[in-house]
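Novice: What follows is coords07.cif, mmCIF, C-alpha atoms.
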```cif
data_coords
#
loop_
_atom_site.label_atom_id
_atom_site.label_comp_id
_atom_site.auth_asym_id
_atom_site.auth_seq_id
_atom_site.Cartn_x
_atom_site.Cartn_y
_atom_site.Cartn_z
CA MET A 3 -26.98 10.74 -42.32
CA ARG A 4 -25.34 14.04 -41.31
CA LYS A 5 -28.04 14.68 -38.75
CA LEU A 6 -27.49 11.24 -37.22
CA VAL A 7 -23.72 11.73 -37.02
CA SER A 8 -24.19 15.20 -35.51
CA ALA A 9 -26.67 13.89 -32.96
CA LEU A 10 -24.30 11.07 -31.99
CA ALA A 11 -21.39 13.52 -31.67
CA ILE A 12 -23.42 15.82 -29.41
CA ALA A 13 -24.63 12.88 -27.30
CA ALA A 14 -21.08 11.56 -26.93
CA ALA A 15 -19.78 15.00 -25.91
CA THR A 16 -22.55 15.32 -23.34
CA ILE A 17 -21.80 11.90 -21.84
CA VAL A 18 -18.05 12.51 -21.76
CA ALA A 19 -18.43 15.96 -20.20
CA GLY A 20 -20.58 14.61 -17.35
CA PRO A 21 -22.71 16.63 -14.98
CA ALA A 22 -20.03 17.44 -12.39
CA SER A 23 -17.57 20.29 -12.56
CA ALA A 24 -13.98 19.94 -11.39
CA THR A 25 -11.80 22.69 -9.97
CA THR A 26 -8.21 22.54 -8.73
CA PHE A 27 -6.77 24.89 -6.10
CA VAL A 28 -3.06 24.98 -5.19
CA TYR A 29 -1.71 26.16 -1.83
CA ASP A 30 1.92 26.55 -0.79
CA VAL A 31 2.44 25.90 2.92
CA ASP A 32 5.41 27.93 4.12
CA PRO A 33 7.57 26.66 6.98
CA GLY A 34 6.08 27.89 10.24
CA SER A 35 2.58 28.32 8.77
CA ASP A 36 -0.15 27.56 11.23
CA SER A 37 -3.23 27.05 9.08
CA ILE A 38 -4.70 27.30 5.60
CA LEU A 39 -8.34 28.23 4.93
CA PHE A 40 -10.00 26.87 1.79
CA GLY A 41 -13.42 26.26 0.27
CA ASN A 42 -15.66 26.91 -2.69
CA SER A 43 -19.15 28.23 -3.45
CA LYS A 44 -21.54 28.35 -6.39
CA ASN A 45 -24.93 29.95 -7.00
CA TYR A 46 -26.45 27.11 -9.01
CA TYR A 47 -27.30 23.43 -8.67
CA LYS A 48 -24.54 21.16 -9.88
CA GLY A 49 -22.37 18.25 -8.82
CA PHE A 50 -18.71 19.01 -8.18
CA THR A 51 -15.29 17.54 -7.54
CA ASP A 52 -12.78 20.00 -6.11
CA HIS A 53 -9.09 19.24 -5.74
CA PHE A 54 -6.97 21.14 -3.23
CA LEU A 55 -3.23 20.60 -3.60
CA PHE A 56 -0.96 21.48 -0.68
CA ARG A 57 2.79 21.84 -1.21
CA ILE A 58 4.43 21.34 2.17
CA GLU A 59 8.09 22.26 2.63
CA GLU A 60 8.65 20.50 5.97
CA SER A 61 7.53 17.16 7.32
CA GLY A 62 5.11 17.45 10.21
CA TYR A 63 1.55 17.00 11.36
CA VAL A 64 -1.69 18.12 9.71
CA SER A 65 -5.21 18.18 11.17
CA GLY A 66 -8.40 20.04 10.34
CA PHE A 67 -11.96 19.90 9.12
CA VAL A 68 -14.24 20.52 6.14
CA GLY A 69 -17.86 21.53 6.62
CA SER A 70 -20.98 23.14 5.25
CA PHE A 71 -23.95 24.87 6.84
CA ALA A 72 -27.39 24.58 5.23
CA LEU A 73 -29.75 27.52 4.91
CA PRO A 74 -33.34 27.19 3.64
CA SER A 75 -32.40 27.79 0.01
CA LEU A 76 -28.62 27.26 0.09
CA ASP A 77 -27.07 23.90 0.79
CA VAL A 78 -24.05 21.77 -0.06
CA VAL A 79 -24.05 18.03 0.37
CA LEU A 80 -20.58 16.51 0.64
CA ASN A 81 -20.45 12.94 -0.64
CA SER A 82 -16.81 12.26 0.18
CA VAL A 83 -13.74 14.07 1.48
CA LEU A 84 -10.37 12.38 0.94
CA PHE A 85 -6.90 13.50 2.06
CA ASP A 86 -4.20 11.63 0.12
CA ASP A 87 -6.91 9.10 -0.88
CA LYS A 88 -7.81 8.39 2.77
CA PRO A 89 -11.33 9.36 3.90
CA LEU A 90 -11.87 11.97 6.56
CA THR A 91 -14.14 11.08 9.48
CA LYS A 92 -17.74 12.23 9.05
CA ILE A 93 -18.75 13.83 12.35
CA SER A 94 -22.21 15.22 11.59
CA THR A 95 -24.84 15.35 8.85
CA GLY A 96 -27.91 17.44 8.19
CA ALA A 97 -27.95 21.22 8.50
CA LEU A 98 -24.36 21.21 9.77
CA GLU A 99 -22.20 18.75 7.88
CA LEU A 100 -18.70 18.28 9.28
CA TRP A 101 -15.78 16.05 8.26
CA SER A 102 -12.65 15.83 10.42
CA LEU A 103 -9.01 14.97 9.76
CA ASP A 104 -7.30 13.71 12.91
CA SER A 105 -3.68 14.66 13.45
CA THR A 106 -1.72 12.85 10.74
CA TYR A 107 2.02 12.86 10.06
CA VAL A 108 2.90 13.90 6.50
CA ASP A 109 6.19 14.10 4.67
CA ALA A 110 7.33 17.20 2.83
CA GLY A 111 5.98 17.40 -0.73
CA ARG A 112 2.58 17.48 -2.44
CA HIS A 113 -0.58 16.34 -0.71
CA ALA A 114 -4.09 16.32 -2.12
CA LEU A 115 -7.55 16.88 -0.70
CA LYS A 116 -10.48 15.78 -2.87
CA VAL A 117 -13.98 17.02 -2.05
CA THR A 118 -16.99 15.68 -3.98
CA GLY A 119 -20.65 16.52 -3.61
CA TYR A 120 -23.36 18.73 -5.04
CA TYR A 121 -24.74 22.22 -4.51
CA GLY A 122 -28.40 22.72 -3.60
CA SER A 123 -31.04 24.18 -5.94
CA LYS A 124 -29.73 27.75 -5.51
CA GLY A 125 -26.13 26.87 -4.74
CA GLY A 126 -24.23 27.05 -1.49
CA SER A 127 -20.75 26.97 -0.06
CA TYR A 128 -18.43 24.87 2.03
CA ALA A 129 -15.18 25.69 3.77
CA GLY A 130 -12.42 24.09 5.74
CA THR A 131 -9.16 24.65 7.50
CA PHE A 132 -6.03 22.57 7.83
CA ASN A 133 -3.56 23.19 10.64
CA PHE A 134 0.08 22.38 9.98
CA GLY A 135 2.80 21.86 12.58
CA ALA A 136 6.41 20.91 12.09
CA GLY A 137 7.54 17.58 13.47
CA ALA A 138 9.70 17.66 16.56
CA VAL A 139 13.40 17.58 15.72
CA PRO A 140 15.82 17.59 18.66
CA GLU A 141 18.48 20.28 18.63
CA PRO A 142 22.18 19.34 18.87
CA ALA A 143 22.33 20.54 22.49
CA ALA A 144 19.45 18.20 23.40
CA TRP A 145 21.31 15.28 21.80
CA ALA A 146 24.50 16.19 23.72
CA MET A 147 22.59 16.34 27.03
CA MET A 148 20.94 12.98 26.34
CA ILE A 149 24.26 11.29 25.50
CA ALA A 150 25.92 12.83 28.56
CA GLY A 151 23.03 11.57 30.70
CA PHE A 152 23.44 8.03 29.39
CA GLY A 153 27.17 8.29 30.12
CA LEU A 154 26.54 9.40 33.71
CA VAL A 155 24.02 6.59 34.27
CA GLY A 156 26.52 4.07 32.85
CA ALA A 157 29.31 5.42 35.08
CA ALA A 158 27.08 5.26 38.15
CA MET A 159 26.11 1.67 37.35
CA ARG A 160 29.77 0.68 36.87
CA ARG A 161 30.83 2.16 40.22
CA ARG A 162 28.00 0.48 42.12
CA THR A 163 29.00 -2.51 44.21
CA LYS A 164 27.42 -5.85 43.52
CA VAL A 165 23.89 -6.02 44.84
CA THR A 166 22.31 -9.31 45.76
CA VAL A 167 18.60 -9.81 45.74
CA SER A 168 16.94 -12.23 48.12
CA TYR A 169 13.41 -13.47 47.87
CA ALA A 170 11.29 -14.39 50.87
#
```
As structure tokens, please, write out the structure in this file.
Specialist:
Amino acid sequence: MRKLVSALAIAAATIVAGPASATTFVYDVDPGSDSILFGNSKNYYKGFTDHFLFRIEESGYVSGFVGSFALPSLDVVLNSVLFDDKPLTKISTGALELWSLDSTYVDAGRHALKVTGYYGSKGGSYAGTFNFGAGAVPEPAAWAMMIAGFGLVGAAMRRRTKVTVSYA
């Protein structure tokens, strides 16, 4: 009976553990940062799920890509790449696998990238880069010039004499 219970416990632990490994990476994006490089590599065959967390201090735009390059004995196959649970666009497959994130507006706070796939028989690596840019915020002088411009246009329209339009 003990052997049966032990065997069941080991089988349950194996099923719960699963074949894939999971790793979490955290990046702080400072205001004015241009880009963040990230990736992972292993030297053995195994499925994986990697989580990259980005803490962004300012709202703005993010764009970038994630890719892998296959060598004869080293390869990484990416099954899915999600940014805030939205899939990136798969651009190419095969020896050069590339996923792209088009320019997307993001609020300040935490954002997540989830990469799932598996390493080839002898491992491999993948990498990516995200480019961050602050959203455009007009300065007070720009607001003042815009309001003054509207005022001048309004004054010019008020001073204009009545114009009649005739159709042929």
Novice: List the residues sitting within 12 Å of (-4.3, 20.5, 2.5) in the file's frame, using only C-alpha atoms, as a JSON list (two decimals) with C-alpha atoms, in the coordinates of the input.
Specialist:
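selection35.json, freshly written:
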```json
[["chain", "number", "residue", "atom", "x", "y", "z"],
["A", 27, "PHE", "CA", -6.77, 24.89, -6.10],
["A", 28, "VAL", "CA", -3.06, 24.98, -5.19],
["A", 29, "TYR", "CA", -1.71, 26.16, -1.83],
["A", 30, "ASP", "CA", 1.92, 26.55, -0.79],
["A", 31, "VAL", "CA", 2.44, 25.90, 2.92],
["A", 36, "ASP", "CA", -0.15, 27.56, 11.23],
["A", 37, "SER", "CA", -3.23, 27.05, 9.08],
["A", 38, "ILE", "CA", -4.70, 27.30, 5.60],
["A", 39, "LEU", "CA", -8.34, 28.23, 4.93],
["A", 40, "PHE", "CA", -10.00, 26.87, 1.79],
["A", 41, "GLY", "CA", -13.42, 26.26, 0.27],
["A", 53, "HIS", "CA", -9.09, 19.24, -5.74],
["A", 54, "PHE", "CA", -6.97, 21.14, -3.23],
["A", 55, "LEU", "CA", -3.23, 20.60, -3.60],
["A", 56, "PHE", "CA", -0.96, 21.48, -0.68],
["A", 57, "ARG", "CA", 2.79, 21.84, -1.21],
["A", 58, "ILE", "CA", 4.43, 21.34, 2.17],
["A", 63, "TYR", "CA", 1.55, 17.00, 11.36],
["A", 64, "VAL", "CA", -1.69, 18.12, 9.71],
["A", 65, "SER", "CA", -5.21, 18.18, 11.17],
["A", 66, "GLY", "CA", -8.40, 20.04, 10.34],
["A", 67, "PHE", "CA", -11.96, 19.90, 9.12],
["A", 68, "VAL", "CA", -14.24, 20.52, 6.14],
["A", 83, "VAL", "CA", -13.74, 14.07, 1.48],
["A", 84, "LEU", "CA", -10.37, 12.38, 0.94],
["A", 85, "PHE", "CA", -6.90, 13.50, 2.06],
["A", 86, "ASP", "CA", -4.20, 11.63, 0.12],
["A", 103, "LEU", "CA", -9.01, 14.97, 9.76],
["A", 106, "THR", "CA", -1.72, 12.85, 10.74],
["A", 108, "VAL", "CA", 2.90, 13.90, 6.50],
["A", 111, "GLY", "CA", 5.98, 17.40, -0.73],
["A", 112, "ARG", "CA", 2.58, 17.48, -2.44],
["A", 113, "HIS", "CA", -0.58, 16.34, -0.71],
["A", 114, "ALA", "CA", -4.09, 16.32, -2.12],
["A", 115, "LEU", "CA", -7.55, 16.88, -0.70],
["A", 116, "LYS", "CA", -10.48, 15.78, -2.87],
["A", 117, "VAL", "CA", -13.98, 17.02, -2.05],
["A", 130, "GLY", "CA", -12.42, 24.09, 5.74],
["A", 131, "THR", "CA", -9.16, 24.65, 7.50],
["A", 132, "PHE", "CA", -6.03, 22.57, 7.83],
["A", 133, "ASN", "CA", -3.56, 23.19, 10.64],
["A", 134, "PHE", "CA", 0.08, 22.38, 9.98]]
```
Novice: Interatomic distance between CA of Val155 (chain A) and CA of Ser168 (chain A)?
Specialist: 24.4 Å
Novice: Quote the spacing between CA of Glu59 (chain A) and CA of Thr118 (chain A) in Å to one decimal place.
Specialist: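 Between CA of Glu59 (chain A) and CA of Thr118 (chain A) the gap works out to 26.8 Å.
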Novice: Pick out the closest residue to Thr91 (chain A) from this set: A:Tyr120, A:Pro142, A:Ile149, A:Asp104. Count all atoms listed in the file.
Specialist: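 Checking each candidate against Thr91 (chain A), we get A:Asp104 as the closest.
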Novice: One decimal, in Å: what's the spacing between CA of Lys92 (chain A) and CA of Pro74 (chain A)?
Specialist: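 Answer for the CA of Lys92 (chain A) to CA of Pro74 (chain A) separation: 22.3 Å.
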Novice: On this structure, which residues satisfy the PyMOL selection byres ((chain A and resi 124) around 8), written as a count of residues only?
Specialist: 11
Novice: Write out as JSON an axis-aligned box for region 104-114 of chain A: all of its atoms listed in the file, 8 Å added on each side, centre and edge lengths in Å with one decimal.
Specialist:
```
{"center_x": 0.0, "center_y": 15.2, "center_z": 5.5, "size_x": 30.6, "size_y": 20.6, "size_z": 31.9}
```
Novice: How would you write, as an mmCIF file with C-alpha atoms, keeping the file's coordinate frame, the residues chosen by the PyMOL selection byres ((chain A and resi 98) around 7) on this structure?
Specialist:
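And here's expr.cif as it stands now:
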```cif
data_model
loop_
_atom_site.group_PDB
_atom_site.id
_atom_site.type_symbol
_atom_site.label_atom_id
_atom_site.label_comp_id
_atom_site.auth_asym_id
_atom_site.auth_seq_id
_atom_site.Cartn_x
_atom_site.Cartn_y
_atom_site.Cartn_z
ATOM 1 C CA SER A 70 -20.980 23.140 5.250
ATOM 2 C CA PHE A 71 -23.950 24.870 6.840
ATOM 3 C CA ALA A 72 -27.390 24.580 5.230
ATOM 4 C CA SER A 94 -22.210 15.220 11.590
ATOM 5 C CA THR A 95 -24.840 15.350 8.850
ATOM 6 C CA GLY A 96 -27.910 17.440 8.190
ATOM 7 C CA ALA A 97 -27.950 21.220 8.500
ATOM 8 C CA GLU A 99 -22.200 18.750 7.880
ATOM 9 C CA LEU A 100 -18.700 18.280 9.280
#
```
Novice: Care to translate the PyMOL selection byres ((chain A and resi 60) around 7) into actual residues of this file, as a ChimeraX atom specification?
Specialist: /A:33,58-59,61-62,109-110,136
Novice: When you count all atoms listed in the file, which of these residues is closest to Trp101 (chain A): A:Pro89, A:Asn42, A:Arg160, A:Gly69?
Specialist: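 Ranked by minimum distance to Trp101 (chain A), first place goes to A:Gly69.
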